[in-house]
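Visitor: Pasting my_file-v4.txt below, which is compact mmCIF, C-alpha atoms.
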```txt
# COMPACT_ATOMS: atom_id res chain seq x y z
CA MET M 1 36.44 -10.24 45.20
CA SER M 2 39.61 -12.35 45.75
CA GLU M 3 41.27 -13.66 42.61
CA THR M 4 44.12 -15.40 44.43
CA ALA M 5 42.56 -18.88 44.68
CA ALA M 6 44.28 -21.18 42.15
CA PRO M 7 41.59 -22.78 39.97
CA ARG M 8 41.67 -26.60 39.95
CA ARG M 9 41.25 -27.85 36.38
CA LYS M 10 38.78 -30.66 35.82
CA THR M 11 38.75 -33.06 32.90
CA ARG M 12 37.23 -31.59 29.76
CA SER M 13 34.00 -33.60 29.83
CA ASP M 14 33.31 -32.88 33.51
CA GLY M 15 34.14 -29.26 32.85
CA GLU M 16 31.80 -29.05 29.87
CA ARG M 17 28.95 -30.61 31.78
CA SER M 18 29.22 -28.31 34.71
CA ARG M 19 29.80 -25.28 32.48
CA ALA M 20 26.37 -25.80 30.91
CA ALA M 21 24.70 -26.12 34.32
CA ILE M 22 26.56 -23.06 35.62
CA LEU M 23 25.55 -20.99 32.60
CA GLU M 24 21.93 -21.95 33.02
CA ALA M 25 22.04 -20.68 36.61
CA ALA M 26 23.96 -17.57 35.53
CA VAL M 27 21.34 -16.60 32.96
CA ARG M 28 18.52 -17.18 35.46
CA LEU M 29 20.28 -15.02 38.03
CA ALA M 30 21.05 -12.30 35.48
CA THR M 31 17.42 -11.95 34.45
CA THR M 32 16.13 -11.50 37.99
CA GLU M 33 18.96 -9.58 39.68
CA GLY M 34 20.42 -7.93 36.59
CA LEU M 35 23.41 -8.84 34.43
CA GLY M 36 25.43 -6.20 36.31
CA GLY M 37 24.85 -8.05 39.58
CA LEU M 38 26.14 -11.30 38.08
CA SER M 39 29.52 -11.85 39.71
CA ILE M 40 31.60 -14.94 40.37
CA GLY M 41 30.94 -14.52 44.11
CA ARG M 42 27.16 -14.10 43.77
CA LEU M 43 26.89 -17.06 41.40
CA ALA M 44 29.04 -19.24 43.70
CA GLU M 45 26.67 -18.45 46.55
CA GLU M 46 23.61 -19.18 44.39
CA ILE M 47 24.69 -22.59 43.12
CA GLY M 48 26.73 -23.69 46.15
CA MET M 49 30.00 -23.99 44.25
CA SER M 50 33.38 -22.62 45.29
CA LYS M 51 34.59 -19.38 43.78
CA SER M 52 37.80 -21.13 42.75
CA GLY M 53 35.73 -23.77 40.92
CA LEU M 54 33.94 -21.00 39.03
CA TYR M 55 37.22 -19.27 38.18
CA ALA M 56 38.23 -22.48 36.40
CA HIS M 57 35.39 -21.76 33.98
CA PHE M 58 35.36 -17.96 33.86
CA GLY M 59 38.40 -15.85 34.55
CA SER M 60 36.51 -12.72 35.56
CA LYS M 61 33.10 -11.20 36.17
CA GLU M 62 33.11 -9.78 32.65
CA GLU M 63 33.93 -13.17 31.12
CA LEU M 64 31.05 -14.67 33.08
CA GLN M 65 28.69 -11.91 31.88
CA LEU M 66 29.76 -12.41 28.26
CA ALA M 67 29.27 -16.19 28.59
CA ALA M 68 25.78 -15.60 30.05
CA ILE M 69 24.93 -13.41 27.05
CA GLU M 70 25.95 -16.20 24.64
CA GLU M 71 23.88 -18.70 26.60
CA ALA M 72 20.88 -16.35 26.49
CA GLY M 73 21.46 -16.01 22.73
CA ARG M 74 21.35 -19.80 22.37
CA ILE M 75 18.04 -19.91 24.28
CA PHE M 76 16.63 -17.04 22.19
CA VAL M 77 17.44 -18.83 18.93
CA ALA M 78 15.95 -22.09 20.24
CA GLU M 79 12.75 -20.30 21.33
CA VAL M 80 12.20 -17.72 18.62
CA ILE M 81 14.05 -18.79 15.47
CA VAL M 82 14.22 -22.61 15.39
CA PRO M 83 10.44 -23.25 15.82
CA THR M 84 9.71 -21.08 12.75
CA ARG M 85 12.05 -22.89 10.35
CA ALA M 86 9.27 -25.12 9.01
CA GLU M 87 7.35 -22.06 7.77
CA PRO M 88 7.65 -21.20 4.09
CA ASP M 89 10.16 -18.43 3.47
CA GLY M 90 8.69 -14.95 3.11
CA LEU M 91 5.75 -13.28 4.83
CA ALA M 92 4.63 -16.48 6.61
CA ARG M 93 8.08 -16.89 8.15
CA LEU M 94 8.20 -13.22 9.18
CA ARG M 95 4.80 -13.50 10.88
CA ALA M 96 5.86 -16.71 12.59
CA VAL M 97 9.03 -15.11 13.97
CA VAL M 98 7.09 -12.14 15.36
CA GLU M 99 4.54 -14.47 16.95
CA ALA M 100 7.34 -16.66 18.38
CA PHE M 101 8.88 -13.57 19.99
CA LEU M 102 5.56 -12.46 21.53
CA SER M 103 4.94 -16.00 22.76
CA TYR M 104 8.46 -16.10 24.28
CA VAL M 105 7.54 -12.93 26.20
CA GLU M 106 4.14 -14.29 27.32
CA ARG M 107 5.54 -17.66 28.35
CA GLU M 108 8.14 -15.84 30.48
CA VAL M 109 11.04 -17.86 29.13
CA PHE M 110 13.16 -15.41 31.11
CA PRO M 111 11.48 -14.19 34.31
CA GLY M 112 12.38 -10.53 33.67
CA GLY M 113 11.16 -10.51 30.06
CA CYS M 114 13.42 -10.63 27.02
CA PHE M 115 16.98 -11.11 28.31
CA PHE M 116 18.46 -8.75 25.72
CA GLU M 117 15.98 -5.95 26.35
CA SER M 118 16.59 -5.90 30.08
CA ALA M 119 20.35 -6.33 29.80
CA ALA M 120 20.57 -3.55 27.19
CA ALA M 121 18.54 -1.18 29.38
CA GLU M 122 20.92 -1.98 32.22
CA PHE M 123 24.17 -1.49 30.26
CA ASP M 124 23.11 1.28 27.88
CA THR M 125 25.23 3.88 29.66
CA SER M 126 28.12 1.51 30.55
CA PRO M 127 30.59 1.36 27.63
CA GLY M 128 32.61 -1.84 27.30
CA PRO M 129 32.60 -5.35 25.84
CA VAL M 130 29.32 -6.32 27.55
CA ARG M 131 27.41 -3.41 26.07
CA ASP M 132 29.08 -3.93 22.68
CA ARG M 133 27.96 -7.55 22.58
CA LEU M 134 24.40 -6.63 23.55
CA VAL M 135 24.31 -3.99 20.80
CA GLU M 136 25.45 -6.67 18.31
CA TYR M 137 22.64 -8.97 19.39
CA LEU M 138 19.96 -6.26 19.16
CA GLU M 139 21.23 -5.06 15.79
CA GLY M 140 21.44 -8.67 14.60
CA TRP M 141 17.80 -9.18 15.54
CA ARG M 142 16.66 -6.10 13.61
CA GLN M 143 18.82 -7.22 10.69
CA LYS M 144 17.21 -10.67 10.81
CA LEU M 145 13.78 -9.02 10.62
CA GLY M 146 15.02 -6.92 7.69
CA GLU M 147 16.23 -10.02 5.83
CA LEU M 148 12.89 -11.75 6.32
CA ILE M 149 11.16 -8.64 4.94
CA VAL M 150 13.45 -8.61 1.89
CA ARG M 151 12.68 -12.31 1.22
CA ALA M 152 8.96 -11.50 1.42
CA GLN M 153 9.56 -8.67 -1.05
CA GLU M 154 11.37 -11.06 -3.42
CA ARG M 155 8.28 -13.25 -3.29
CA LYS M 156 6.04 -10.20 -3.98
CA GLU M 157 4.33 -10.66 -0.61
CA ILE M 158 5.48 -7.26 0.63
CA ALA M 159 5.48 -4.23 -1.66
CA ALA M 160 8.87 -3.45 -3.21
CA GLU M 161 8.45 0.21 -2.18
CA GLU M 162 8.60 -0.62 1.53
CA ASP M 163 11.91 0.33 3.14
CA ALA M 164 12.86 -2.98 4.79
CA ALA M 165 14.98 -1.38 7.54
CA GLN M 166 12.19 1.08 8.37
CA LEU M 167 9.60 -1.69 8.53
CA ALA M 168 11.95 -3.78 10.70
CA PHE M 169 12.27 -0.81 13.09
CA GLU M 170 8.50 -0.56 13.38
CA LEU M 171 7.88 -4.26 13.99
CA ASP M 172 10.74 -4.35 16.50
CA ALA M 173 9.25 -1.32 18.29
CA PHE M 174 5.87 -3.06 18.70
CA MET M 175 7.53 -6.22 20.02
CA ALA M 176 9.86 -4.39 22.41
CA ARG M 177 7.00 -2.29 23.82
CA ALA M 178 4.90 -5.41 24.36
CA ASN M 179 7.80 -6.89 26.30
CA ASP M 180 8.36 -3.78 28.46
CA ALA M 181 4.70 -3.37 29.31
CA PHE M 182 4.10 -7.06 29.97
CA VAL M 183 7.04 -7.24 32.37
CA LEU M 184 6.19 -3.96 34.09
CA SER M 185 2.49 -4.54 34.73
CA GLY M 186 1.93 -8.22 33.86
CA ASP M 187 -0.92 -7.08 31.66
CA PRO M 188 -1.32 -9.33 28.59
CA GLN M 189 -3.18 -6.54 26.76
CA ALA M 190 0.09 -4.95 25.61
CA VAL M 191 1.01 -8.19 23.82
CA GLU M 192 -2.40 -8.23 22.13
CA ARG M 193 -1.92 -4.61 21.06
CA ALA M 194 1.44 -5.53 19.55
CA ARG M 195 -0.19 -8.44 17.68
CA ALA M 196 -2.86 -6.10 16.29
CA ALA M 197 -0.24 -3.49 15.34
CA VAL M 198 1.95 -6.01 13.53
CA ARG M 199 -1.04 -7.53 11.73
CA ALA M 200 -2.26 -4.14 10.48
CA ARG M 201 1.23 -2.99 9.51
CA LEU M 202 1.95 -6.17 7.52
CA GLU M 203 -1.45 -5.98 5.82
CA LEU M 204 -0.53 -2.46 4.77
CA ALA M 205 2.94 -3.53 3.64
CA SER M 206 1.54 -6.36 1.56
CA ALA M 207 -1.24 -4.19 0.14
CA GLY M 208 1.35 -1.70 -1.13
CA ARG M 209 -0.20 1.06 -3.19
CA ARG M 210 -3.58 -0.58 -3.37
CA PRO M 211 -6.51 1.03 -1.54
CA LEU M 212 -6.76 -0.23 1.99
CA SER M 213 -10.08 -1.58 3.17
CA ARG M 214 -10.96 -1.32 6.83
CA ARG M 215 -11.87 -5.02 6.86
CA SER M 216 -8.45 -6.18 5.76
CA ARG M 217 -6.73 -3.98 8.37
CA GLN M 218 -8.77 -5.16 11.29
CA ALA M 219 -8.86 -8.93 11.05
CA PRO M 220 -10.83 -10.65 13.86
CA PRO M 221 -8.77 -11.78 16.86
CA GLY M 222 -8.99 -15.43 15.90
CA SER M 223 -7.40 -14.89 12.49
CA ARG M 224 -3.83 -15.92 11.81
CA ALA M 225 -1.37 -13.26 12.94
CA MET E 1 22.89 3.02 56.20
CA SER E 2 22.59 4.61 59.64
CA GLU E 3 19.26 6.23 60.40
CA THR E 4 20.17 7.26 63.96
CA ALA E 5 21.39 10.80 63.21
CA ALA E 6 18.78 13.28 64.41
CA PRO E 7 17.87 15.59 61.51
CA ARG E 8 18.34 19.27 62.24
CA ARG E 9 15.32 21.20 60.99
CA LYS E 10 16.00 24.34 58.96
CA THR E 11 13.59 27.20 58.42
CA ARG E 12 10.97 26.47 55.81
CA SER E 13 12.33 28.79 53.10
CA ASP E 14 15.92 27.53 53.48
CA GLY E 15 14.61 23.99 53.43
CA GLU E 16 12.56 24.58 50.29
CA ARG E 17 15.49 26.11 48.48
CA SER E 18 17.86 23.31 49.24
CA ARG E 19 15.21 20.67 48.59
CA ALA E 20 14.99 21.88 44.99
CA ALA E 21 18.77 21.80 44.58
CA ILE E 22 19.00 18.38 46.20
CA LEU E 23 16.27 16.97 43.96
CA GLU E 24 18.00 18.28 40.88
CA ALA E 25 21.17 16.42 41.91
CA ALA E 26 19.14 13.33 42.83
CA VAL E 27 17.52 13.14 39.41
CA ARG E 28 20.88 13.61 37.67
CA LEU E 29 22.43 10.84 39.77
CA ALA E 30 19.45 8.53 39.22
CA THR E 31 19.69 8.78 35.45
CA THR E 32 23.38 7.90 35.29
CA GLU E 33 23.76 5.41 38.15
CA GLY E 34 20.18 4.15 38.26
CA LEU E 35 17.27 5.05 40.50
CA GLY E 36 18.00 1.90 42.54
CA GLY E 37 21.46 3.21 43.36
CA LEU E 38 20.03 6.50 44.62
CA SER E 39 20.46 6.37 48.39
CA ILE E 40 20.75 9.03 51.07
CA GLY E 41 24.40 8.05 51.55
CA ARG E 42 25.32 8.15 47.87
CA LEU E 43 23.57 11.48 47.36
CA ALA E 44 25.22 12.96 50.47
CA GLU E 45 28.62 11.97 49.01
CA GLU E 46 27.73 13.44 45.61
CA ILE E 47 26.57 16.86 46.79
CA GLY E 48 28.83 17.17 49.83
CA MET E 49 26.00 17.41 52.32
CA SER E 50 25.66 15.49 55.57
CA LYS E 51 23.44 12.42 55.67
CA SER E 52 21.61 13.92 58.64
CA GLY E 53 20.92 17.04 56.57
CA LEU E 54 19.43 14.89 53.83
CA TYR E 55 17.31 12.97 56.32
CA ALA E 56 15.69 16.28 57.23
CA HIS E 57 14.30 16.32 53.70
CA PHE E 58 13.75 12.62 52.98
CA GLY E 59 13.09 10.09 55.70
CA SER E 60 14.30 7.07 53.73
CA LYS E 61 15.86 5.89 50.50
CA GLU E 62 12.41 5.10 49.14
CA GLU E 63 11.10 8.57 49.98
CA LEU E 64 14.10 10.06 48.17
CA GLN E 65 13.45 7.85 45.13
CA LEU E 66 9.77 8.82 45.06
CA ALA E 67 10.69 12.52 45.35
CA ALA E 68 13.18 12.12 42.46
CA ILE E 69 10.40 10.59 40.34
CA GLU E 70 8.13 13.60 41.00
CA GLU E 71 10.98 15.97 40.12
CA ALA E 72 11.61 14.04 36.89
CA GLY E 73 7.88 14.28 36.16
CA ARG E 74 8.03 18.04 36.59
CA ILE E 75 10.96 18.23 34.14
CA PHE E 76 9.15 15.95 31.67
CA VAL E 77 6.05 18.15 31.68
CA ALA E 78 8.17 21.29 31.26
CA GLU E 79 10.07 19.74 28.33
CA VAL E 80 7.42 17.74 26.50
CA ILE E 81 3.99 19.12 27.41
CA VAL E 82 4.31 22.84 28.19
CA PRO E 83 6.07 23.85 24.91
CA THR E 84 3.22 22.32 22.86
CA ARG E 85 0.40 24.21 24.58
CA ALA E 86 0.36 26.94 21.95
CA GLU E 87 -0.49 24.40 19.23
CA PRO E 88 -4.12 24.14 18.16
CA ASP E 89 -5.89 21.24 19.85
CA GLY E 90 -6.12 18.07 17.79
CA LEU E 91 -3.73 16.50 15.31
CA ALA E 92 -1.31 19.46 15.38
CA ARG E 93 -0.99 19.21 19.15
CA LEU E 94 -0.51 15.43 18.99
CA ARG E 95 2.26 15.81 16.41
CA ALA E 96 3.88 18.54 18.49
CA VAL E 97 3.88 16.37 21.63
CA VAL E 98 5.48 13.45 19.76
CA GLU E 99 8.11 15.77 18.30
CA ALA E 100 8.75 17.34 21.73
CA PHE E 101 9.36 13.86 23.16
CA LEU E 102 11.80 12.91 20.38
CA SER E 103 13.57 16.23 20.80
CA TYR E 104 13.80 15.66 24.57
CA VAL E 105 15.53 12.34 23.80
CA GLU E 106 17.89 13.88 21.22
CA ARG E 107 18.78 16.84 23.42
CA GLU E 108 19.65 14.40 26.22
CA VAL E 109 17.64 16.26 28.84
CA PHE E 110 18.47 13.25 31.02
CA PRO E 111 21.89 11.72 30.27
CA GLY E 112 20.54 8.14 30.30
CA GLY E 113 17.60 8.87 28.00
CA CYS E 114 14.01 9.25 29.15
CA PHE E 115 14.02 9.08 32.95
CA PHE E 116 10.84 7.03 33.10
CA GLU E 117 11.94 4.48 30.51
CA SER E 118 15.20 3.72 32.27
CA ALA E 119 13.69 3.73 35.76
CA ALA E 120 10.86 1.44 34.66
CA ALA E 121 13.31 -1.01 33.08
CA GLU E 122 15.24 -1.00 36.33
CA PHE E 123 12.24 -1.53 38.64
CA ASP E 124 10.06 -3.71 36.42
CA THR E 125 10.68 -6.81 38.53
CA SER E 126 10.81 -4.99 41.91
CA PRO E 127 7.26 -4.65 43.30
CA GLY E 128 6.65 -1.71 45.63
CA PRO E 129 5.70 1.97 45.75
CA VAL E 130 8.52 3.03 43.39
CA ARG E 131 7.45 0.66 40.64
CA ASP E 132 3.78 1.55 41.21
CA ARG E 133 4.51 5.24 40.75
CA LEU E 134 6.51 4.60 37.57
CA VAL E 135 3.67 2.50 36.17
CA GLU E 136 1.27 5.39 36.89
CA TYR E 137 3.51 7.80 34.99
CA LEU E 138 3.90 5.51 31.97
CA GLU E 139 0.18 4.75 31.86
CA GLY E 140 -0.58 8.45 32.30
CA TRP E 141 1.61 9.23 29.30
CA ARG E 142 -0.15 6.69 27.10
CA GLN E 143 -3.48 8.02 28.35
CA LYS E 144 -2.41 11.58 27.48
CA LEU E 145 -1.61 10.41 23.94
CA GLY E 146 -4.99 8.69 23.79
CA GLU E 147 -6.77 11.89 24.85
CA LEU E 148 -4.97 13.91 22.20
CA ILE E 149 -6.03 11.31 19.61
CA VAL E 150 -9.67 11.52 20.76
CA ARG E 151 -9.57 15.33 20.45
CA ALA E 152 -8.21 14.94 16.91
CA GLN E 153 -11.06 12.52 16.19
CA GLU E 154 -13.60 15.03 17.53
CA ARG E 155 -12.15 17.53 15.05
CA LYS E 156 -12.39 14.93 12.23
CA GLU E 157 -8.61 15.02 11.80
CA ILE E 158 -8.25 11.36 12.70
CA ALA E 159 -10.75 8.76 11.46
CA ALA E 160 -13.46 7.87 13.98
CA GLU E 161 -12.79 4.16 13.30
CA GLU E 162 -9.29 4.35 14.77
CA ASP E 163 -9.04 2.74 18.22
CA ALA E 164 -7.43 5.59 20.19
CA ALA E 165 -5.79 3.30 22.78
CA GLN E 166 -4.36 1.10 20.04
CA LEU E 167 -2.98 4.09 18.14
CA ALA E 168 -1.52 5.48 21.38
CA PHE E 169 0.24 2.13 21.95
CA GLU E 170 1.78 2.29 18.48
CA LEU E 171 3.00 5.89 18.74
CA ASP E 172 4.37 5.21 22.22
CA ALA E 173 6.18 2.11 20.89
CA PHE E 174 7.94 4.16 18.18
CA MET E 175 8.97 6.84 20.68
CA ALA E 176 10.18 4.35 23.30
CA ARG E 177 12.21 2.41 20.75
CA ALA E 178 13.82 5.60 19.49
CA ASN E 179 14.81 6.39 23.06
CA ASP E 180 16.26 2.91 23.74
CA ALA E 181 18.27 2.79 20.53
CA PHE E 182 19.52 6.36 20.81
CA VAL E 183 20.79 5.79 24.36
CA LEU E 184 22.29 2.39 23.56
CA SER E 185 24.22 3.28 20.43
CA GLY E 186 24.05 7.08 20.23
CA ASP E 187 22.81 6.68 16.68
CA PRO E 188 20.37 9.45 15.71
CA GLN E 189 18.96 7.25 12.92
CA ALA E 190 16.58 5.52 15.32
CA VAL E 191 14.99 8.87 16.16
CA GLU E 192 14.58 9.60 12.44
CA ARG E 193 12.99 6.18 11.94
CA ALA E 194 10.54 6.94 14.75
CA ARG E 195 9.71 10.29 13.11
CA ALA E 196 9.04 8.55 9.78
CA ALA E 197 6.96 5.85 11.48
CA VAL E 198 4.81 8.37 13.35
CA ARG E 199 4.35 10.52 10.24
CA ALA E 200 3.21 7.55 8.14
CA ARG E 201 0.96 6.19 10.89
CA LEU E 202 -0.75 9.54 11.44
CA GLU E 203 -1.18 10.04 7.70
CA LEU E 204 -2.91 6.69 7.62
CA ALA E 205 -5.02 7.50 10.68
CA SER E 206 -6.13 10.80 9.20
CA ALA E 207 -6.77 9.26 5.77
CA GLY E 208 -9.13 6.72 7.33
CA ARG E 209 -10.87 4.58 4.74
CA ARG E 210 -9.65 6.65 1.84
CA PRO E 211 -7.15 5.07 -0.60
CA LEU E 212 -3.62 5.66 0.51
CA SER E 213 -1.22 7.20 -1.94
CA ARG E 214 2.48 6.48 -1.58
CA ARG E 215 3.21 10.20 -1.78
CA SER E 216 1.09 11.04 1.24
CA ARG E 217 2.66 8.27 3.32
CA GLN E 218 6.25 9.25 2.64
CA ALA E 219 6.41 12.97 3.10
CA PRO E 220 9.84 14.48 2.43
CA PRO E 221 12.12 14.83 5.49
CA GLY E 222 11.67 18.59 5.56
CA SER E 223 7.91 18.43 5.92
CA ARG E 224 6.21 19.18 9.21
CA ALA E 225 6.23 16.11 11.46
```
Let me see the structure of the file written as structure tokens.
Guide:
Amino acid sequence: MSETAAPRRKTRSDGERSRAAILEAAVRLATTEGLGGLSIGRLAEEIGMSKSGLYAHFGSKEELQLAAIEEAGRIFVAEVIVPTRAEPDGLARLRAVVEAFLSYVEREVFPGGCFFESAAAEFDTSPGPVRDRLVEYLEGWRQKLGELIVRAQERKEIAAEEDAAQLAFELDAFMARANDAFVLSGDPQAVERARAAVRARLELASAGRRPLSRRSRQAPPGSRA
Amino acid sequence: MSETAAPRRKTRSDGERSRAAILEAAVRLATTEGLGGLSIGRLAEEIGMSKSGLYAHFGSKEELQLAAIEEAGRIFVAEVIVPTRAEPDGLARLRAVVEAFLSYVEREVFPGGCFFESAAAEFDTSPGPVRDRLVEYLEGWRQKLGELIVRAQERKEIAAEEDAAQLAFELDAFMARANDAFVLSGDPQAVERARAAVRARLELASAGRRPLSRRSRQAPPGSRA
């Protein structure tokens, strides 16, 4: 890829407007062809813009990939976190966040499933700033789940004896597997299995030491997840 | 890639010997550079063999990829299934298979983590025979877990009320997440979290309707997983 073309600077507002449009295209391209395939040249071809115009926004392929990750993060927050803010803090909020994630998978917000899951699988053996940033996002997500669990514990909705990080791992595992399986085979059953798994696990976590009745573990499909 | 070179046929036994060696290299290459990057040309370069020699074994890139999948399947069975055959059928065998999988991840049998997980993530949005075969392997694995669960139910070691396919989904989710996280960050903690999750879930499944004591759910780390 030639880097000799001198980028022509646009005014800030023009630049900002086109940066948003470019990033939208970059994220779309990254989810279908892979974040690794996202280069200045490939993106220029896709959106019919000159490579030099793109270099005005992103100095390198890596910068473009990092910018696409941030844009995907913005979309993730808008889809999975923001819509749950009206829920009361605690167990209700935790359940809403899990359901928002599963809905984001089912609605195919990104055509290749969760952006972070597919990008992480792609870069897991490629050390560097792109992988580091993806690790931060995935760890941040598990940490967010852990914080919601701790709030639910403070409100006595989840037993104090539950290890919040362990429970966050388990919920995250169900969600990630639903994503993988849904993308791979298009079968919505995996998402339903994840819903059932999360429901049973949170019933158990809120029941704490108390005896567990079969009825409370297997709520009917129409019940609130 | 040129396909014009006429392959020179070797004797059967020579061909069989080198096919095994070639497949071993192919699987190794596929796990580090991706199954999608596994081409006749790239493999020829890697093992210092002529492309025409490789065409004698595999007629196309896709044939090579499918052969690499079968070879990875053979390794998976040898690593995860065969060593557990001495265990008594039922819950002990199920636990042994889960532990063999987690050990196979930790021991980095494939440098990029479980071959099937990484290949599936790579091909999930690429319809065709390669994806179809990977789906068969992943579904076969979940089915194997389901069968082991049913055998444990027949022996009254797992409650009859447990939905075997649902439980298989949950165990598979813990194992897959351990693999992802271990490959991504090299942190063995994810594997330990998966062990704890499986242990607690199987305790619950074997306890059935009976009240669940905290002690039985959180067995000490040294206990048999």
Visitor: Counting only C-alpha atoms, which residues from chain M have an atom at most 8 Å from any atom of chain E, and could you show them as a ChimeraX atom specification?
Guide: /M:32,112,118,120-125,135,166,169-170,173-174,176-177,180,183-185,190,193-194,197,209-214
Visitor: Is it possible to get the axis-aligned box enclosing region 22-40 of chain E (all listed atoms, 4 Å extra per side) as JSON, with centre and edge lengths in Å rounded to one decimal?
Guide:
```
{"center_x": 20.0, "center_y": 10.1, "center_z": 43.2, "size_x": 15.5, "size_y": 24.5, "size_z": 23.8}
```
Visitor: Please list as a list of chain:residue names every residue within 10 Å of Ala160 (chain E), counting all atoms listed in the file and excluding residues in the same chain fewer than 2 positions away.
Guide: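 The neighbour list is E:Ile149, E:Val150, E:Ala152, E:Gln153, E:Glu154, E:Arg155, E:Lys156, E:Glu157, E:Ile158, E:Glu162, E:Asp163, E:Ala164, E:Ala205, E:Ser206, E:Gly208.
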Visitor: Mind pulling up the distance from CA of Ile69 (chain M) to CA of Ala25 (chain M)?
Guide: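 The value is 12.4 Å.
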Visitor: How many Å separate CA of Glu45 (chain M) from CA of Val109 (chain M)?
Guide: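 Straight-line distance from CA of Glu45 (chain M) to CA of Val109 (chain M) works out to 23.4 Å.
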Visitor: When you look at Leu29 (chain E) with a cut-off of 12 Å (counting all atoms listed in the file), what residues show up, excluding the ones that are within fewer than 6 positions of it in the same chain? I need them as JSON, numbers by chain.
Guide: {"E": [22, 23, 35, 36, 37, 38, 39, 40, 42, 43, 44, 45, 46, 47, 64, 65, 68, 72, 110, 111, 112, 115, 119]}
Visitor: Please, could you write that set of residues out with C-alpha atoms as a CSV table (one decimal), in the coordinates of the input?
Guide:
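This went into again-v6.csv:
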```csv
chain,number,residue,atom,x,y,z
E,22,ILE,CA,19.0,18.4,46.2
E,23,LEU,CA,16.3,17.0,44.0
E,35,LEU,CA,17.3,5.0,40.5
E,36,GLY,CA,18.0,1.9,42.5
E,37,GLY,CA,21.5,3.2,43.4
E,38,LEU,CA,20.0,6.5,44.6
E,39,SER,CA,20.5,6.4,48.4
E,40,ILE,CA,20.8,9.0,51.1
E,42,ARG,CA,25.3,8.2,47.9
E,43,LEU,CA,23.6,11.5,47.4
E,44,ALA,CA,25.2,13.0,50.5
E,45,GLU,CA,28.6,12.0,49.0
E,46,GLU,CA,27.7,13.4,45.6
E,47,ILE,CA,26.6,16.9,46.8
E,64,LEU,CA,14.1,10.1,48.2
E,65,GLN,CA,13.4,7.8,45.1
E,68,ALA,CA,13.2,12.1,42.5
E,72,ALA,CA,11.6,14.0,36.9
E,110,PHE,CA,18.5,13.2,31.0
E,111,PRO,CA,21.9,11.7,30.3
E,112,GLY,CA,20.5,8.1,30.3
E,115,PHE,CA,14.0,9.1,33.0
E,119,ALA,CA,13.7,3.7,35.8
```
Visitor: For Ala159 (chain M), which residue among M:Gly73, M:Val97, M:Ala207, M:Leu91 is the nearest when counting only C-alpha atoms?
Guide: M:Ala207
Visitor: Quick check, in Å to one decimal: how far apart do CA of Arg199 (chain M) and CA of Val191 (chain E) lie?
Guide: 23.4 Å
Visitor: For each of M:Glu24, M:Gly41, M:Tyr137, M:Glu99, take the minimum atom-to-atom distance to Gly53 (chain M), counting all atoms listed in the file, then give the residue where this is smallest.
Guide: M:Gly41
Visitor: Of the candidates E:Ala96, E:Val105, E:Leu66, E:Ala30, which shows the shortest atom-to-atom distance to Thr84 (chain E), using all atoms listed in the file?
Guide: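 Using all atoms listed in the file, Thr84 (chain E) sits closest to E:Ala96.
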